[in-house]
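Visitor: Sending over start.txt (compact mmCIF, C-alpha atoms).
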# COMPACT_ATOMS: atom_id res chain seq x y z
CA MET K 1 -76.21 -47.58 14.30
CA THR K 2 -77.03 -47.27 10.61
CA GLU K 3 -77.41 -43.93 8.88
CA PRO K 4 -81.02 -42.69 8.67
CA TYR K 5 -82.92 -43.63 5.55
CA ASP K 6 -83.62 -40.92 3.03
CA LEU K 7 -87.12 -42.32 2.62
CA ILE K 8 -89.27 -44.92 4.36
CA THR K 9 -92.61 -45.72 2.74
CA MET K 10 -95.41 -47.72 4.34
CA GLY K 11 -98.26 -49.42 2.54
CA ARG K 12 -99.27 -51.45 -0.45
CA ILE K 13 -97.02 -54.07 -2.02
CA GLY K 14 -97.70 -56.80 -4.55
CA VAL K 15 -97.07 -58.12 -8.02
CA ASP K 16 -98.30 -56.38 -11.17
CA ILE K 17 -99.27 -58.74 -14.00
CA TYR K 18 -99.41 -56.42 -16.98
CA PRO K 19 -100.28 -57.21 -20.62
CA LEU K 20 -97.45 -57.08 -23.08
CA GLN K 21 -100.02 -56.03 -25.69
CA THR K 22 -101.72 -52.63 -25.70
CA GLY K 23 -105.23 -51.88 -26.87
CA VAL K 24 -106.35 -55.45 -26.23
CA PRO K 25 -109.10 -56.44 -23.73
CA LEU K 26 -107.77 -58.52 -20.87
CA ALA K 27 -109.83 -61.53 -21.95
CA GLN K 28 -107.91 -61.61 -25.22
CA VAL K 29 -104.40 -60.91 -23.92
CA GLU K 30 -102.01 -63.83 -24.43
CA THR K 31 -98.71 -62.59 -22.96
CA PHE K 32 -98.02 -60.85 -19.67
CA GLY K 33 -95.07 -59.45 -17.78
CA LYS K 34 -94.49 -59.75 -14.02
CA PHE K 35 -93.40 -56.61 -12.12
CA LEU K 36 -93.00 -55.40 -8.57
CA GLY K 37 -96.02 -53.27 -7.67
CA GLY K 38 -97.94 -51.39 -5.02
CA SER K 39 -98.07 -47.60 -4.71
CA ALA K 40 -95.93 -47.14 -1.61
CA THR K 41 -93.41 -49.64 -2.95
CA ASN K 42 -93.20 -47.95 -6.34
CA VAL K 43 -92.50 -44.60 -4.68
CA ALA K 44 -89.57 -46.13 -2.80
CA VAL K 45 -88.27 -47.67 -6.02
CA ALA K 46 -88.63 -44.34 -7.82
CA ALA K 47 -86.62 -42.53 -5.15
CA ALA K 48 -84.00 -45.29 -5.09
CA ARG K 49 -83.56 -44.96 -8.85
CA LEU K 50 -82.79 -41.29 -8.21
CA GLY K 51 -80.00 -42.27 -5.82
CA ARG K 52 -81.81 -42.20 -2.49
CA ARG K 53 -81.53 -44.76 0.35
CA CYS K 54 -85.00 -46.21 0.77
CA ALA K 55 -86.93 -48.86 2.69
CA VAL K 56 -90.51 -50.16 2.68
CA ILE K 57 -92.74 -51.20 5.57
CA SER K 58 -95.20 -53.79 4.28
CA ARG K 59 -96.12 -57.48 4.30
CA THR K 60 -96.47 -60.28 1.75
CA GLY K 61 -97.79 -63.81 1.66
CA ARG K 62 -95.44 -66.67 2.44
CA ASP K 63 -95.46 -67.81 -1.18
CA PRO K 64 -93.44 -67.61 -4.43
CA PHE K 65 -94.79 -64.14 -5.24
CA GLY K 66 -93.59 -63.01 -1.83
CA ASP K 67 -90.16 -64.42 -2.64
CA TYR K 68 -90.22 -62.53 -5.93
CA ILE K 69 -90.97 -59.26 -4.12
CA HIS K 70 -87.88 -59.61 -1.92
CA GLN K 71 -85.80 -60.45 -4.96
CA ALA K 72 -87.09 -57.42 -6.87
CA LEU K 73 -86.64 -55.03 -3.93
CA GLY K 74 -83.03 -56.16 -3.67
CA GLU K 75 -82.45 -55.60 -7.36
CA PHE K 76 -83.85 -52.07 -7.07
CA GLY K 77 -81.73 -51.31 -4.00
CA VAL K 78 -84.68 -50.91 -1.64
CA ASP K 79 -84.25 -52.28 1.90
CA ASP K 80 -86.76 -55.06 2.63
CA ARG K 81 -86.06 -55.60 6.36
CA TRP K 82 -89.60 -54.50 7.28
CA VAL K 83 -91.33 -56.53 4.57
CA THR K 84 -92.44 -59.62 6.47
CA PRO K 85 -94.61 -62.66 5.58
CA VAL K 86 -98.14 -63.39 6.76
CA ASP K 87 -99.20 -67.02 6.98
CA GLY K 88 -102.45 -67.96 5.25
CA LEU K 89 -102.82 -64.91 3.02
CA PRO K 90 -101.67 -64.75 -0.62
CA THR K 91 -99.40 -62.02 -1.92
CA PRO K 92 -101.68 -59.65 -3.88
CA VAL K 93 -101.59 -59.49 -7.65
CA THR K 94 -102.95 -56.73 -9.86
CA PHE K 95 -103.92 -56.96 -13.53
CA CYS K 96 -104.53 -54.03 -15.83
CA GLU K 97 -105.76 -53.28 -19.32
CA ILE K 98 -103.86 -50.78 -21.45
CA PHE K 99 -105.84 -48.50 -23.72
CA PRO K 100 -103.70 -45.41 -24.34
CA PRO K 101 -103.78 -42.52 -23.85
CA ASP K 102 -106.04 -42.40 -20.79
CA ASP K 103 -107.86 -45.67 -20.07
CA PHE K 104 -106.04 -48.16 -17.83
CA PRO K 105 -108.53 -50.27 -15.82
CA LEU K 106 -107.08 -52.05 -12.79
CA TYR K 107 -108.17 -55.38 -11.33
CA PHE K 108 -106.99 -55.96 -7.76
CA TYR K 109 -106.81 -59.47 -6.29
CA ARG K 110 -106.46 -58.75 -2.56
CA ARG K 111 -108.89 -61.19 -0.93
CA PRO K 112 -109.63 -62.50 1.61
CA LYS K 113 -107.29 -59.77 2.91
CA ALA K 114 -104.09 -58.27 1.62
CA PRO K 115 -101.05 -58.98 3.80
CA ASP K 116 -100.03 -55.31 3.57
CA LEU K 117 -103.15 -54.54 5.64
CA VAL K 118 -101.88 -56.82 8.43
CA ILE K 119 -99.19 -54.43 9.66
CA HIS K 120 -99.44 -54.15 13.47
CA PRO K 121 -98.48 -51.09 15.55
CA GLU K 122 -96.18 -53.13 17.78
CA GLU K 123 -94.06 -54.14 14.77
CA LEU K 124 -92.98 -50.58 14.00
CA ASP K 125 -89.35 -49.49 14.38
CA HIS K 126 -89.83 -46.20 16.24
CA GLY K 127 -86.24 -45.10 15.92
CA ALA K 128 -86.19 -45.54 12.16
CA LEU K 129 -89.50 -43.70 11.77
CA ARG K 130 -88.24 -40.72 13.75
CA THR K 131 -84.88 -40.44 12.02
CA ALA K 132 -85.87 -41.08 8.39
CA ARG K 133 -85.40 -37.93 6.37
CA ILE K 134 -88.84 -38.48 4.79
CA PHE K 135 -91.69 -40.77 5.85
CA TRP K 136 -94.47 -41.60 3.35
CA ILE K 137 -97.90 -43.14 4.02
CA THR K 138 -100.93 -43.73 1.81
CA GLY K 139 -104.70 -43.58 2.04
CA THR K 140 -104.98 -47.31 1.36
CA GLY K 141 -103.16 -48.01 4.62
CA LEU K 142 -106.09 -46.45 6.47
CA CYS K 143 -108.83 -48.60 4.92
CA GLU K 144 -108.72 -51.60 7.29
CA GLU K 145 -107.40 -52.72 10.65
CA PRO K 146 -104.76 -53.38 11.86
CA SER K 147 -103.06 -51.33 9.12
CA ARG K 148 -105.16 -48.28 10.01
CA SER K 149 -104.00 -48.24 13.61
CA ALA K 150 -100.42 -49.00 12.57
CA THR K 151 -100.40 -46.14 10.05
CA LEU K 152 -101.77 -43.62 12.54
CA ALA K 153 -99.40 -44.90 15.24
CA ALA K 154 -96.47 -44.49 12.85
CA LEU K 155 -97.52 -40.89 12.21
CA GLU K 156 -97.75 -40.21 15.93
CA VAL K 157 -94.30 -41.69 16.49
CA ARG K 158 -92.95 -39.63 13.62
CA ALA K 159 -94.46 -36.49 15.18
CA LYS K 160 -93.51 -34.36 12.15
CA ALA K 161 -89.83 -34.93 12.92
CA GLY K 162 -89.17 -34.20 9.25
CA PRO K 163 -91.11 -34.18 5.97
CA THR K 164 -94.03 -36.55 6.43
CA VAL K 165 -95.98 -37.18 3.23
CA PHE K 166 -99.57 -38.33 3.04
CA ASP K 167 -100.28 -39.75 -0.43
CA LEU K 168 -104.07 -39.38 -0.58
CA ASP K 169 -104.17 -42.54 -2.79
CA TRP K 170 -107.92 -43.10 -3.15
CA ARG K 171 -109.05 -46.61 -4.08
CA PRO K 172 -112.81 -46.64 -3.36
CA MET K 173 -113.14 -50.41 -3.79
CA PHE K 174 -110.96 -50.86 -0.68
CA TRP K 175 -113.52 -48.84 1.32
CA GLY K 176 -116.67 -50.56 0.08
CA GLY K 177 -117.27 -48.24 -2.90
CA GLU K 178 -117.12 -48.88 -6.62
CA GLY K 179 -116.64 -45.58 -8.43
CA GLY K 180 -114.32 -42.64 -7.95
CA ALA K 181 -114.90 -39.37 -6.19
CA SER K 182 -117.21 -36.57 -7.37
CA GLY K 183 -120.22 -38.87 -7.05
CA ASP K 184 -119.60 -41.09 -10.06
CA GLY K 185 -119.72 -44.14 -7.84
CA GLY K 186 -123.28 -43.40 -6.77
CA ALA K 187 -124.36 -44.07 -3.21
CA SER K 188 -121.62 -46.62 -2.59
CA GLY K 189 -118.97 -44.12 -3.73
CA ALA K 190 -120.36 -41.41 -1.47
CA ALA K 191 -120.53 -43.83 1.45
CA ALA K 192 -116.93 -44.89 0.87
CA MET K 193 -115.81 -41.26 0.87
CA ALA K 194 -117.73 -40.58 4.06
CA ALA K 195 -116.17 -43.62 5.71
CA ALA K 196 -112.66 -42.57 4.70
CA ARG K 197 -112.77 -38.85 5.50
CA PRO K 198 -112.34 -39.02 9.32
CA TYR K 199 -109.22 -41.16 8.92
CA TYR K 200 -107.86 -38.88 6.22
CA GLU K 201 -108.39 -35.93 8.55
CA ALA K 202 -106.59 -37.75 11.38
CA ALA K 203 -103.62 -38.54 9.13
CA LEU K 204 -103.42 -34.99 7.77
CA ALA K 205 -103.04 -33.65 11.30
CA HIS K 206 -99.70 -35.53 11.50
CA ALA K 207 -98.48 -34.89 7.94
CA THR K 208 -96.42 -32.01 6.56
CA VAL K 209 -97.08 -32.72 2.86
CA ALA K 210 -100.27 -33.88 1.13
CA VAL K 211 -100.17 -35.04 -2.47
CA GLY K 212 -102.96 -36.37 -4.67
CA ASN K 213 -105.13 -35.81 -7.70
CA LEU K 214 -108.38 -33.86 -7.56
CA ASP K 215 -110.54 -36.91 -6.79
CA GLU K 216 -108.24 -37.85 -3.93
CA ALA K 217 -108.19 -34.30 -2.58
CA GLU K 218 -111.98 -34.31 -2.63
CA VAL K 219 -112.04 -37.35 -0.36
CA ALA K 220 -110.00 -35.43 2.20
CA THR K 221 -111.61 -32.00 1.86
CA GLY K 222 -115.05 -32.39 0.28
CA LEU K 223 -114.04 -29.81 -2.34
CA ARG K 224 -113.38 -29.99 -6.09
CA GLU K 225 -111.76 -26.67 -7.04
CA PRO K 226 -107.97 -27.25 -7.04
CA ARG K 227 -106.80 -24.17 -5.15
CA SER K 228 -109.63 -24.47 -2.67
CA CYS K 229 -108.57 -28.08 -2.07
CA ALA K 230 -104.98 -26.98 -1.53
CA ARG K 231 -105.97 -24.29 0.96
CA ALA K 232 -108.22 -26.72 2.82
CA LEU K 233 -105.37 -29.22 3.10
CA LEU K 234 -103.15 -26.49 4.55
CA ASP K 235 -105.89 -25.66 7.06
CA MET K 236 -105.98 -29.35 8.04
CA GLY K 237 -102.36 -29.24 9.14
CA VAL K 238 -99.93 -29.75 6.26
CA GLU K 239 -97.27 -27.28 5.15
CA LEU K 240 -97.31 -28.17 1.45
CA ALA K 241 -100.30 -29.25 -0.65
CA VAL K 242 -99.69 -30.73 -4.11
CA ILE K 243 -102.70 -31.21 -6.40
CA LYS K 244 -102.10 -33.22 -9.57
CA GLN K 245 -104.44 -32.31 -12.44
CA GLY K 246 -103.34 -34.69 -15.18
CA PRO K 247 -103.35 -32.86 -18.53
CA LYS K 248 -103.76 -29.52 -16.69
CA GLY K 249 -100.49 -29.91 -14.82
CA VAL K 250 -99.86 -29.62 -11.08
CA ILE K 251 -100.50 -26.99 -8.41
CA ALA K 252 -98.30 -26.73 -5.32
CA VAL K 253 -99.18 -24.35 -2.48
CA HIS K 254 -97.00 -23.82 0.63
CA ARG K 255 -98.12 -22.48 3.97
CA ASP K 256 -95.50 -19.71 3.71
CA GLY K 257 -97.37 -18.20 0.76
CA ARG K 258 -95.40 -19.70 -2.11
CA SER K 259 -97.53 -21.13 -4.91
CA VAL K 260 -96.76 -22.51 -8.36
CA GLU K 261 -98.74 -24.02 -11.21
CA VAL K 262 -96.63 -26.10 -13.58
CA PRO K 263 -97.94 -27.41 -16.93
CA PRO K 264 -97.60 -31.09 -17.83
CA THR K 265 -94.63 -32.46 -19.72
CA PRO K 266 -95.86 -33.66 -23.15
CA VAL K 267 -95.25 -37.32 -23.89
CA GLN K 268 -96.77 -40.15 -25.92
CA VAL K 269 -98.54 -42.19 -23.27
CA VAL K 270 -98.12 -45.97 -23.24
CA ASN K 271 -99.30 -46.78 -19.69
CA GLY K 272 -100.16 -44.01 -17.24
CA LEU K 273 -100.47 -46.19 -14.15
CA GLY K 274 -97.00 -45.64 -12.67
CA ALA K 275 -96.75 -41.93 -13.40
CA GLY K 276 -98.08 -40.83 -10.02
CA ASP K 277 -95.61 -43.03 -8.14
CA ALA K 278 -92.71 -41.70 -10.22
CA PHE K 279 -93.97 -38.20 -9.41
CA GLY K 280 -93.95 -39.14 -5.72
CA GLY K 281 -90.41 -40.51 -5.77
CA SER K 282 -89.21 -37.37 -7.54
CA LEU K 283 -91.10 -35.16 -5.08
CA CYS K 284 -89.20 -36.84 -2.24
CA HIS K 285 -85.95 -36.40 -4.16
CA GLY K 286 -86.69 -32.69 -4.52
CA LEU K 287 -87.60 -32.28 -0.86
CA LEU K 288 -84.37 -34.00 0.14
CA GLY K 289 -82.39 -31.76 -2.20
CA GLY K 290 -84.02 -28.57 -0.97
CA LEU K 291 -85.38 -27.60 -4.39
CA ASP K 292 -87.68 -24.63 -4.80
CA LEU K 293 -91.28 -25.44 -5.64
CA GLU K 294 -91.17 -24.82 -9.38
CA PRO K 295 -88.08 -26.93 -10.24
CA MET K 296 -89.33 -29.61 -7.85
CA MET K 297 -92.67 -29.83 -9.64
CA ARG K 298 -91.05 -29.74 -13.09
CA HIS K 299 -88.73 -32.61 -12.13
CA ALA K 300 -91.64 -34.61 -10.70
CA ASN K 301 -93.76 -33.98 -13.82
CA ALA K 302 -90.90 -35.13 -16.02
CA ALA K 303 -90.35 -38.31 -13.98
CA GLY K 304 -94.06 -39.12 -14.21
CA ALA K 305 -94.12 -38.44 -17.95
CA LEU K 306 -91.19 -40.76 -18.55
CA VAL K 307 -92.95 -43.62 -16.77
CA ALA K 308 -96.19 -42.89 -18.62
CA SER K 309 -94.26 -43.37 -21.87
CA ARG K 310 -93.22 -46.88 -20.76
CA LEU K 311 -95.10 -50.11 -20.15
CA ALA K 312 -94.30 -51.04 -16.56
CA CYS K 313 -94.30 -49.15 -13.25
CA SER K 314 -91.45 -50.12 -10.91
CA SER K 315 -88.98 -51.19 -13.59
CA ALA K 316 -89.83 -48.07 -15.63
CA MET K 317 -88.78 -45.59 -12.93
CA PRO K 318 -86.20 -43.20 -14.42
CA THR K 319 -82.71 -42.42 -13.20
CA ALA K 320 -81.63 -38.87 -12.39
CA GLY K 321 -79.72 -38.74 -15.67
CA GLU K 322 -82.78 -39.76 -17.66
CA VAL K 323 -84.92 -37.08 -16.02
CA ASP K 324 -82.27 -34.41 -16.57
CA ALA K 325 -81.89 -35.37 -20.24
CA PHE K 326 -85.66 -35.37 -20.71
CA LEU K 327 -85.98 -31.90 -19.18
CA ALA K 328 -83.14 -30.69 -21.40
CA GLY K 329 -84.98 -32.00 -24.46
CA ARG K 330 -82.35 -34.55 -25.36
Please, can you express the file's structure as structure tokens?

Guide:
Amino acid sequence: MTEPYDLITMGRIGVDIYPLQTGVPLAQVETFGKFLGGSATNVAVAAARLGRRCAVISRTGRDPFGDYIHQALGEFGVDDRWVTPVDGLPTPVTFCEIFPPDDFPLYFYRRPKAPDLVIHPEELDHGALRTARIFWITGTGLCEEPSRSATLAALEVRAKAGPTVFDLDWRPMFWGGEGGASGDGGASGAAAMAAARPYYEAALAHATVAVGNLDEAEVATGLREPRSCARALLDMGVELAVIKQGPKGVIAVHRDGRSVEVPPTPVQVVNGLGAGDAFGGSLCHGLLGGLDLEPMMRHANAAGALVASRLACSSAMPTAGEVDAFLAGR
């Protein structure tokens, strides 16, 4: 029997097609780079770059982009045994525009249905889910069947056997909305939030850690004030609530009464899209290492800042040495 994984993530996978030019509208971009993508996948890559043994549960199309994903996972040292093909559906691709420091529109091509939403409950490896040192799921995995049932089944099998992280990961367009939280999507945004909230609540009952930005926390709690969001998430069942506030830093509140607020790590932003996934991989690394809240959040902030200073997501994930040097100011 193999040793338990340090981290198993479950959810979105695909190929990022990112401009190699910044500050240029997508219609005028002439050169692109191809990168492994998908939030849950990037978190596994980020943790693997920090020396952790990781695997992903997801699905691709049976096509050249699917072949590329397996190749890239192997190069990053992430186990792909639970990344399986789906006939008749294309591997998703995602384009972005890069307008530093804070405008990075995303364009998802996931129709007629993304293969990573065709994960079935009966395909789950119950033993691996129970023994993994950390299990990570995302809000996107709850947006459609059969992925929704598979995600909730995985959480039930896990039964809080160890740290179980719910990445609140709010993508309103996957739920029938257009805008973000806090009402800026109009009626469709509010309807998407209302549709998602019961499933977020169900997942939180099985999670020990919730992590997300303020918009994502609002989807789960209906609140906007950061500490109120954190307390509400604790009341919904988790032990640790982590609220990312972008330029205001991060708040982490534990059920045992510990609480920290850590400022952001200054950096010249190139592409902020992978920063949250780098933060997530570092968070897992800190949980595995038993770090106290403050050094854990500082490490995660630094990992996210490093990726924000680089073009890509997966291939930009820092090593432990890079994070340590960055924190030391070298």

Visitor: What is the distance, in Å and to one decimal place, between atom CA of Glu30 of chain K and atom CA of Glu97 of chain K?

Guide: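 Interatomic distance here is 12.3 Å.
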
Visitor: In Å to one decimal, how far is atom CA of Tyr107 of chain K from atom CA of Thr94 of chain K?

Guide: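 Atom-to-atom, atom CA of Thr94 of chain K and atom CA of Tyr107 of chain K are spaced 5.6 Å apart.
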
Visitor: Please provide as a list in words all residues within 10 Å of Cys313 of chain K, with the sequence filter that same-chain residues fewer than 4 positions apart are discarded (counting all atoms listed in the file).

Guide: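 Using all atoms listed in the file, the neighbours found are Asp16, Tyr18, Phe35, Leu36, Gly37, Gly38, Ser39, Asn42, Val43, Val45, Ala46, Asn271, Gly272, Leu273, Gly274, Ala275, Gly276, Asp277, Ala278, Val307, Ala308 and Met317 of chain K.
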
Visitor: Determine the nearest neighbour of Gln21 of chain K from the options K:Val118, K:Ile251, K:Ala328, K:Cys96, counting all atoms listed in the file.

Guide: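 Ranking K:Val118, K:Ile251, K:Ala328, K:Cys96 by distance to Gln21 of chain K, first place goes to K:Cys96.
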
Visitor: Enumerate, as a PyMOL selection string, the protein, DNA and RNA residues whose atoms approach (-89.1, -23.0, -4.9) to within 12 Å, taking into account all atoms listed in the file and the coordinate frame of the file.

Guide: chain K and resi 240+252-254+256-262+286-287+289-298
